[in-house]
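Here is the structure we will look at.
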Amino acid sequence: MRMNERIRARRKELGMSQETLAKKVGYEGRSAISKIESGEIAIKWDMIPAFAAALSMDPGELALWDEYIPPEDVEFVNSLGKISPKEELPEKLMALNVLVREIGWEIIHTNGEYYLGEIGRLTESDIKRLETAAVSALKVTYDMMVREKREEVFPPRKG
């Protein structure tokens, strides 16, 4: 059974409406739940703990992670279902999160820790490496754009 089918089956088993589930996981209306249950859209990995909590399930049970990832990782993933609400990110990390979301992940700050996708908990060193990589990528892109702009204004001389 696919995750969208497990969500629908569990919601119905609990006698819960799509509207109620939507509110419990933070959506404004039932249309997103309808699209998720029909398989039209997938839920992001960081929403799995919210869906699992709303449906009184472990995240690993909902996503069937234990069939795909090592047992020690399942324990970590299931612990995500017991985290506190997200805390605000520092301004620098909010900016970095915009870039991270472009590749489908999100930096989460909760219980005084930072988490990112498959990496899991981020250390200060991990955060520094992410910041350095983002700044380096921006510098390279900026330099490339400046070079292109100069070539538009001052085309290279021929001969």
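Identifiers in the structure tokens: chain A, B, ... in order shown; residue index from 1 per chain; ligand index from 1 in order shown.
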So that I can see what lies close to range 99-103 of chain A, please list as a JSON list (two decimals) with N, CA and C atoms, in the first residue's frame the residues with an atom at most 10 Å from it, counting only C-alpha atoms and leaving out residues fewer than 2 positions away in the same chain.
```json
[["chain", "number", "residue", "atom", "x", "y", "z"],
["A", 93, "LEU", "N", 20.41, 31.63, 8.42],
["A", 93, "LEU", "CA", 19.91, 30.31, 8.02],
["A", 93, "LEU", "C", 18.58, 30.41, 7.28],
["A", 94, "MET", "N", 17.80, 31.45, 7.55],
["A", 94, "MET", "CA", 16.56, 31.66, 6.80],
["A", 94, "MET", "C", 16.90, 31.89, 5.33],
["A", 95, "ALA", "N", 17.94, 32.71, 5.08],
["A", 95, "ALA", "CA", 18.37, 32.96, 3.71],
["A", 95, "ALA", "C", 18.89, 31.68, 3.07],
["A", 96, "LEU", "N", 19.68, 30.92, 3.80],
["A", 96, "LEU", "CA", 20.22, 29.67, 3.29],
["A", 96, "LEU", "C", 19.09, 28.67, 3.01],
["A", 97, "ASN", "N", 18.06, 28.69, 3.84],
["A", 97, "ASN", "CA", 16.92, 27.78, 3.68],
["A", 97, "ASN", "C", 16.20, 28.02, 2.36],
["A", 105, "TRP", "N", 14.58, 20.29, 0.14],
["A", 105, "TRP", "CA", 14.80, 20.04, 1.55],
["A", 105, "TRP", "C", 14.46, 21.28, 2.35],
["A", 106, "GLU", "N", 14.62, 21.19, 3.64],
["A", 106, "GLU", "CA", 14.37, 22.34, 4.51],
["A", 106, "GLU", "C", 15.21, 22.19, 5.78],
["A", 107, "ILE", "N", 15.78, 23.30, 6.20],
["A", 107, "ILE", "CA", 16.48, 23.31, 7.48],
["A", 107, "ILE", "C", 15.43, 23.54, 8.55],
["A", 116, "LEU", "N", 18.51, 18.71, 8.69],
["A", 116, "LEU", "CA", 18.40, 18.90, 7.24],
["A", 116, "LEU", "C", 18.32, 17.56, 6.55],
["A", 117, "GLY", "N", 17.20, 17.30, 5.90],
["A", 117, "GLY", "CA", 17.03, 16.14, 5.04],
["A", 117, "GLY", "C", 17.70, 14.87, 5.53],
["A", 130, "LEU", "N", 27.73, 24.58, 4.91],
["A", 130, "LEU", "CA", 26.62, 24.97, 4.04],
["A", 130, "LEU", "C", 26.70, 26.45, 3.68],
["A", 134, "ALA", "N", 27.32, 28.00, -0.06],
["A", 134, "ALA", "CA", 26.35, 28.92, -0.67],
["A", 134, "ALA", "C", 27.03, 30.21, -1.10]]
```
Spatial neighbours of Ile36 in chain A, 12 Å, only C-alpha atoms, chain gap at least 3 places, as a ChimeraX atom specification
/A:2-8,18,21-22,27,30-33,39-44,47-48,51
Rounded to one decimal place, report the CA of Gly15 in chain A-CA of Gly60 in chain A distance in Å.
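According to the coordinates, CA of Gly15 in chain A and CA of Gly60 in chain A are separated by 22.0 Å.
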So which residues of range 4-154 of chain A fall under strand (DSSP E or B) by DSSP, listed as a PyMOL selection string?
chain A and resi 107-110+113-116+120-122
In Å, with one decimal, what is the gap from CA of Gly112 in chain A to CA of Glu87 in chain A?
8.1 Å
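Of the residues listed (A:Glu37, A:His109, A:Arg150, A:Ala52), A:His109 shows the shortest atom-to-atom separation from Thr123 in chain A; distances use only C-alpha atoms.
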Using only C-alpha atoms, pick whichever of A:Val153, A:Ala54, A:Arg121, A:Asp46 has the shortest atom-to-atom distance to Lys23 in chain A.
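Checking each candidate against Lys23 in chain A, we get A:Ala54 as the closest.
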What separates CA of Tyr142 in chain A and CA of Pro155 in chain A is a distance of 18.7 Å
Run DSSP on the backbone and give me the residues of chain A it puts in alpha helix (DSSP H), as JSON, numbers by chain.
{"A": [3, 4, 5, 6, 7, 8, 9, 10, 11, 12, 13, 18, 19, 20, 21, 22, 23, 24, 25, 31, 32, 33, 34, 35, 36, 37, 38, 48, 49, 50, 51, 52, 53, 54, 59, 60, 61, 62, 63, 71, 72, 73, 74, 75, 76, 77, 78, 79, 80, 91, 92, 93, 94, 95, 96, 97, 98, 99, 100, 101, 124, 125, 126, 127, 128, 129, 130, 131, 132, 133, 134, 135, 136, 137, 138, 139, 140, 141, 142, 143, 144, 145, 146, 147, 148, 149, 150, 151, 152, 153]}
